[in-house]
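For reference, input36.cif (mmCIF, C-alpha atoms):
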data_target
#
loop_
_atom_site.label_atom_id
_atom_site.label_comp_id
_atom_site.auth_asym_id
_atom_site.auth_seq_id
_atom_site.Cartn_x
_atom_site.Cartn_y
_atom_site.Cartn_z
CA MET A 1 -19.22 126.57 156.59
CA ALA A 2 -21.46 123.52 156.90
CA GLY A 3 -20.87 120.61 154.56
CA PHE A 4 -23.41 118.80 152.42
CA ARG A 5 -24.19 116.08 154.97
CA ALA A 6 -24.67 118.56 157.82
CA LEU A 7 -27.04 120.58 155.66
CA ALA A 8 -28.93 117.41 154.70
CA ARG A 9 -29.42 116.65 158.39
CA ASP A 10 -30.85 120.14 158.85
CA VAL A 11 -33.30 119.54 156.00
CA ARG A 12 -34.53 116.39 157.75
CA ASN A 13 -34.68 117.92 161.24
CA PRO A 14 -38.39 118.22 162.17
CA ARG A 15 -37.55 120.58 165.05
CA ARG A 16 -36.37 123.29 162.65
CA HIS A 17 -38.78 125.73 161.03
CA ILE A 18 -39.77 124.71 157.54
CA THR A 19 -38.31 127.88 155.99
CA ALA A 20 -34.94 127.08 157.59
CA ARG A 21 -35.12 123.54 156.26
CA ARG A 22 -35.86 124.90 152.79
CA THR A 23 -32.86 127.25 153.09
CA SER A 24 -30.64 124.31 154.03
CA LEU A 25 -31.74 122.47 150.91
CA ARG A 26 -30.84 125.51 148.81
CA LYS A 27 -27.43 125.60 150.49
CA CYS A 28 -26.90 121.94 149.56
CA LEU A 29 -26.80 123.17 145.98
CA GLU A 30 -23.75 125.27 146.79
CA ARG A 31 -21.95 121.94 147.30
CA PHE A 32 -23.54 119.84 144.56
CA ALA A 33 -25.52 121.18 141.62
CA PRO A 34 -25.03 119.24 138.35
CA TYR A 35 -27.04 121.73 136.26
CA GLY A 36 -25.85 124.80 138.15
CA HIS A 37 -27.60 126.22 141.22
CA ARG A 38 -30.71 127.74 139.65
CA ALA A 39 -31.40 125.00 137.11
CA THR A 40 -30.84 122.22 139.69
CA TRP A 41 -33.21 123.97 142.11
CA HIS A 42 -35.82 124.30 139.37
CA HIS A 43 -35.41 120.61 138.53
CA LEU A 44 -35.78 119.43 142.12
CA CYS A 45 -38.80 121.65 142.76
CA SER A 46 -40.49 120.50 139.56
CA ARG A 47 -40.04 116.82 140.38
CA ALA A 48 -40.99 117.15 144.05
CA GLY A 49 -44.01 119.37 143.41
CA ILE A 50 -42.64 122.44 145.21
CA ALA A 51 -43.51 125.92 143.98
CA LEU A 52 -40.26 127.78 143.30
CA GLU A 53 -41.07 130.66 145.66
CA ASP A 54 -42.96 128.63 148.27
CA ARG A 55 -41.32 129.47 151.61
CA HIS A 56 -43.40 126.89 153.49
CA PRO A 57 -43.32 123.71 151.37
CA GLU A 58 -44.58 120.43 152.72
CA PRO A 59 -41.77 118.69 154.65
CA ALA A 60 -42.30 115.44 152.72
CA ARG A 61 -41.70 117.27 149.44
CA LEU A 62 -38.44 118.73 150.75
CA ILE A 63 -37.28 115.25 151.72
CA THR A 64 -38.22 113.93 148.26
CA ALA A 65 -36.09 116.62 146.64
CA LEU A 66 -33.20 115.99 149.04
CA GLU A 67 -33.25 112.23 148.43
CA GLU A 68 -32.99 112.74 144.68
CA LEU A 69 -30.06 115.10 145.18
CA GLU A 70 -28.34 112.69 147.59
CA GLU A 71 -28.76 109.78 145.17
CA ALA A 72 -27.10 111.72 142.37
CA ARG A 73 -24.32 113.00 144.63
CA ALA A 74 -23.49 109.49 145.87
CA LEU A 75 -23.22 108.29 142.26
CA TRP A 76 -20.97 111.18 141.27
CA LEU A 77 -18.71 110.88 144.32
CA ALA A 78 -18.24 107.19 143.55
CA TYR A 79 -17.22 108.12 140.01
CA GLU A 80 -14.80 110.73 141.33
CA ALA A 81 -13.24 108.19 143.70
CA ASP A 82 -12.66 105.84 140.76
CA PHE A 83 -11.29 108.76 138.74
CA ALA A 84 -8.81 109.70 141.49
CA ALA A 85 -7.65 106.10 141.88
CA ARG A 86 -7.11 105.76 138.14
CA ARG A 87 -5.14 109.03 137.93
CA ARG A 88 -2.86 107.89 140.77
CA GLN A 89 -2.17 104.69 138.88
CA GLU A 90 -1.50 106.57 135.65
CA LYS A 91 0.90 108.95 137.38
CA HIS A 92 2.65 105.98 138.96
CA HIS A 93 3.23 104.66 135.44
CA GLY A 94 4.47 108.03 134.20
CA ILE A 95 1.28 109.26 132.52
CA ARG A 96 1.19 112.82 133.82
CA GLN A 97 -0.95 114.54 131.18
CA PRO A 98 -4.71 114.05 131.73
CA SER A 99 -6.94 113.15 128.80
CA THR A 100 -9.41 115.68 127.43
CA VAL A 101 -12.21 114.03 129.42
CA ASP A 102 -10.08 114.13 132.57
CA ASP A 103 -9.14 117.75 131.92
CA TRP A 104 -12.85 118.65 131.72
CA HIS A 105 -13.63 116.61 134.81
CA LEU A 106 -11.08 118.46 136.93
CA HIS A 107 -13.03 121.66 136.33
CA THR A 108 -16.24 120.11 137.65
CA TRP A 109 -14.69 118.45 140.70
CA GLY A 110 -17.22 118.10 143.50
CA GLY A 111 -20.26 118.14 141.24
CA ASN A 112 -20.98 121.74 140.29
CA HIS A 113 -21.89 122.61 136.70
CA ILE A 114 -21.26 119.09 135.46
CA MET A 115 -23.82 119.69 132.73
CA PRO A 116 -24.71 123.38 133.11
CA CYS A 117 -28.04 124.64 131.82
CA GLU A 118 -28.08 128.22 130.57
CA SER A 119 -31.82 128.52 131.22
CA PRO A 120 -32.92 127.53 134.76
CA SER A 121 -36.17 126.12 133.39
CA ALA A 122 -34.60 124.11 130.54
CA HIS A 123 -33.07 120.90 131.86
CA PRO A 124 -33.56 117.11 131.52
CA ASP A 125 -36.75 115.72 133.04
CA ASP A 126 -35.32 112.42 134.32
CA ARG A 127 -33.89 111.85 137.79
CA LEU A 128 -30.50 113.44 138.33
CA ALA A 129 -28.85 110.08 139.00
CA GLU A 130 -30.13 108.63 135.74
CA VAL A 131 -28.84 111.60 133.77
CA LEU A 132 -25.44 111.34 135.44
CA ARG A 133 -25.30 107.60 134.68
CA ARG A 134 -25.76 108.35 130.99
CA LEU A 135 -22.99 110.94 131.07
CA ILE A 136 -20.61 108.62 132.92
CA LEU A 137 -21.32 105.85 130.41
CA ALA A 138 -20.44 108.22 127.57
CA MET A 139 -17.21 109.24 129.30
CA GLU A 140 -16.20 105.63 129.89
CA SER A 141 -17.24 104.18 126.53
CA GLY A 142 -15.82 106.82 124.19
CA PRO A 143 -17.08 109.79 122.15
CA VAL A 144 -20.68 109.79 120.92
CA SER A 145 -22.28 111.59 118.00
CA THR A 146 -25.39 112.80 119.85
CA CYS A 147 -26.27 114.25 123.25
CA PRO A 148 -25.35 111.56 125.81
CA VAL A 149 -28.45 112.40 127.86
CA CYS A 150 -31.32 112.49 125.34
CA THR A 151 -29.54 111.01 122.25
CA GLN A 152 -30.71 113.91 120.06
CA ASP A 153 -28.35 115.56 117.57
CA ARG A 154 -29.73 119.10 117.85
CA LEU A 155 -26.54 120.66 119.16
CA THR A 156 -25.74 124.35 118.78
CA TRP A 157 -22.52 126.11 119.72
CA HIS A 158 -22.71 128.80 122.40
CA ASP A 159 -19.96 131.29 123.23
CA ASN A 160 -19.37 133.37 126.37
CA LEU A 161 -21.24 131.07 128.74
CA GLY A 162 -20.08 132.99 131.82
CA ARG A 163 -18.32 130.09 133.59
CA TYR A 164 -16.47 126.93 132.66
CA PRO A 165 -16.92 125.71 130.00
CA TRP A 166 -16.62 129.18 128.50
CA GLU A 167 -18.06 127.88 125.25
CA GLY A 168 -19.50 124.61 124.06
CA PRO A 169 -22.26 122.62 122.37
CA MET A 170 -25.72 123.01 123.89
CA CYS A 171 -28.46 120.41 123.39
CA GLY A 172 -31.71 122.00 122.24
CA PRO A 173 -34.10 119.30 123.53
CA CYS A 174 -32.71 118.90 127.07
CA GLY A 175 -30.94 122.24 127.61
CA ILE A 176 -27.55 121.04 128.87
CA VAL A 177 -24.14 122.21 127.73
CA VAL A 178 -22.68 118.87 126.64
CA PRO A 179 -19.07 118.25 127.72
CA ALA A 180 -17.14 118.61 124.48
CA PRO A 181 -14.78 115.65 125.15
CA VAL A 182 -17.67 113.15 125.09
CA LEU A 183 -18.61 114.14 121.51
CA THR A 184 -17.01 112.96 118.28
CA PRO A 185 -15.06 115.48 116.17
CA GLU A 186 -17.85 115.30 113.57
CA ALA A 187 -20.52 116.17 116.14
CA LEU A 188 -18.45 119.08 117.43
CA ALA A 189 -17.85 120.36 113.91
CA ALA A 190 -21.58 120.22 113.15
CA ALA A 191 -22.35 122.13 116.36
CA ARG A 192 -19.78 124.81 115.54
CA HIS A 193 -21.49 125.40 112.20
CA THR A 194 -24.48 126.70 114.15
CA ARG A 195 -22.57 129.37 116.10
CA SER A 196 -23.70 132.97 115.75
CA GLY A 197 -23.50 134.27 112.20
CA ARG A 198 -23.65 130.88 110.48
CA ALA A 199 -26.64 129.13 109.03
CA PRO A 200 -27.55 125.89 110.82
CA LYS A 201 -27.37 122.56 109.09
CA SER A 202 -30.57 120.66 108.49
CA GLY A 203 -31.85 119.08 111.70
CA HIS A 204 -29.98 121.51 113.97
CA SER A 205 -31.27 124.53 115.91
CA ALA A 206 -29.79 127.96 115.29
CA ALA A 207 -27.45 129.19 118.01
CA SER A 208 -28.38 132.30 119.94
CA THR A 209 -26.37 135.45 119.19
CA SER A 210 -23.51 135.93 121.61
CA THR A 211 -20.19 137.70 121.86
CA THR A 212 -16.80 136.37 122.78
CA ALA A 213 -15.65 137.17 126.30
CA SER A 214 -12.84 139.71 126.34
CA ALA A 215 -11.28 138.21 129.46
CA ARG A 216 -11.73 134.94 131.24
CA PRO A 217 -10.66 133.80 134.71
CA HIS A 218 -7.64 131.59 135.05
CA ARG A 219 -8.42 127.88 135.03
CA ARG A 220 -8.26 126.19 138.40
CA TYR A 221 -7.52 122.51 138.75
CA ALA A 222 -8.28 120.19 141.62
CA THR A 223 -5.38 118.24 143.05
CA VAL A 224 -5.80 114.54 142.34
#
This structure in structure tokens:
Amino acid sequence: MAGFRALARDVRNPRRHITARRTSLRKCLERFAPYGHRATWHHLCSRAGIALEDRHPEPARLITALEELEEARALWLAYEADFAARRRQEKHHGIRQPSTVDDWHLHTWGGNHIMPCESPSAHPDDRLAEVLRRLILAMESGPVSTCPVCTQDRLTWHDNLGRYPWEGPMCGPCGIVVPAPVLTPEALAAARHTRSGRAPKSGHSAASTSTTASARPHRRYATV
């Protein structure tokens, strides 16, 4: 299976048919997709001016989308390298149990579903790298009381999300499922008050009706 960099070279290769280059860009999202595959694809197409179902996009637009994805991936891989180095140091000093932020991060290792979006068309408008910078800042500086991406406090709790995190606070304005460890206990409590069957507090959106999953896959951790 080709890696991200090999697929990126295929996207740039002018000797390949444009539909094959488009397919290679889609496959890049199997390796790195911060909002999930569909939402990240929608985001890249929207910013690059590519119609979602256009099988023959302009090559320059494909490159624009790829460059945005590569910029975000480089930022995230640098963060993961720092994370791995820090965990090695902590283990060396006898700190074996990861923090709640680290525990969440191990589930998103590699850059998939870092900030999943339940709706493919509802995601932040800014460049992927800028959104990731805001999230990293929140993880490094401590819990915040609002969405780390758009700074709004319209968080609603969603259950049975279909993949990790299985439940969590979703930001109404930008559409992401906010990593719970970056939020203060008060912000999480306010979000939980908007779960199905409860009236939302003033200034918060009502959560969509959902059911609790009867069974969930075992959690898989990356080795750091």
Atomic distance atom CA of Ile114 of chain A - atom CA of Asp102 of chain A, expressed in Å with one decimal =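 Computed distance, atom CA of Ile114 of chain A to atom CA of Asp102 of chain A, equals 12.6 Å.
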request  = Write out as a PyMOL selection string which residues come within 8 Å of Leu75 of chain A when counting all atoms listed in the file, dropping same-chain ones fewer than 2 positions away.
outcome  = chain A and resi 71-73+77-79+129+132-133
query = Quick one, how far is atom CA of Glu80 of chain A from atom CA of Ala191 of chain A?
reply =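 Distance between the two atoms: 28.5 Å.
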Best match for closeness to Phe83 of chain A among A:His105, A:His43, A:His37, A:Arg15, counting all atoms listed in the file =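 Closest to Phe83 of chain A, using all atoms listed in the file: A:His105.
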query = Any idea what's packed within 8 Å of Gly111 of chain A, counting only C-alpha atoms, ignoring anything in its chain fewer than 4 positions away? Could you give it as a list in words?
reply =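 Residues meeting the cut-off are Arg31, Phe32, Ala33, Pro34, Arg73 and Trp76 of chain A.
Nearest to Thr100 of chain A of all the residues A:Pro116, A:Pro57, A:Pro143, A:Gly36 is A:Pro143, counting all atoms listed in the file.
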ask   = Which one is closest to Glu140 of chain A: A:Glu53, A:Glu67, A:Asp82, A:Asp10? Count all atoms listed in the file.
value = A:Asp82
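Closest approach to Tyr164 of chain A among A:Asn112, A:Thr184, A:Ser145, A:Ser121 is made by A:Asn112 (distances from all atoms listed in the file).
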inquiry  = Please compute the atom CA of Thr23 of chain A-atom CA of Pro165 of chain A distance, one decimal, in Å.
reply    =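 Pair atom CA of Thr23 of chain A / atom CA of Pro165 of chain A returns 28.1 Å.
The result of the PyMOL selection byres ((chain A and resi 16-21) around 9) on the shown file is A:Leu7, A:Ala8, A:Asp10, A:Val11, A:Arg12, A:Asn13, A:Pro14, A:Arg15, A:Arg22, A:Thr23, A:Ser24, A:Leu25, A:Arg26, A:Arg55, A:His56, A:Pro57, A:Glu58, A:Pro59, A:Leu62.
Proximity to Glu167 of chain A was assessed for A:Ala180, A:Val144, A:Ala122, A:Ala81 counting all atoms listed in the file; the smallest distance is recorded for A:Ala180.
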message = Between A:His123, A:Arg86, A:His113, A:Arg61, which residue has the minimum interatomic distance to Pro179 of chain A, considering only C-alpha atoms?
response =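 Nearest to Pro179 of chain A: A:His113.
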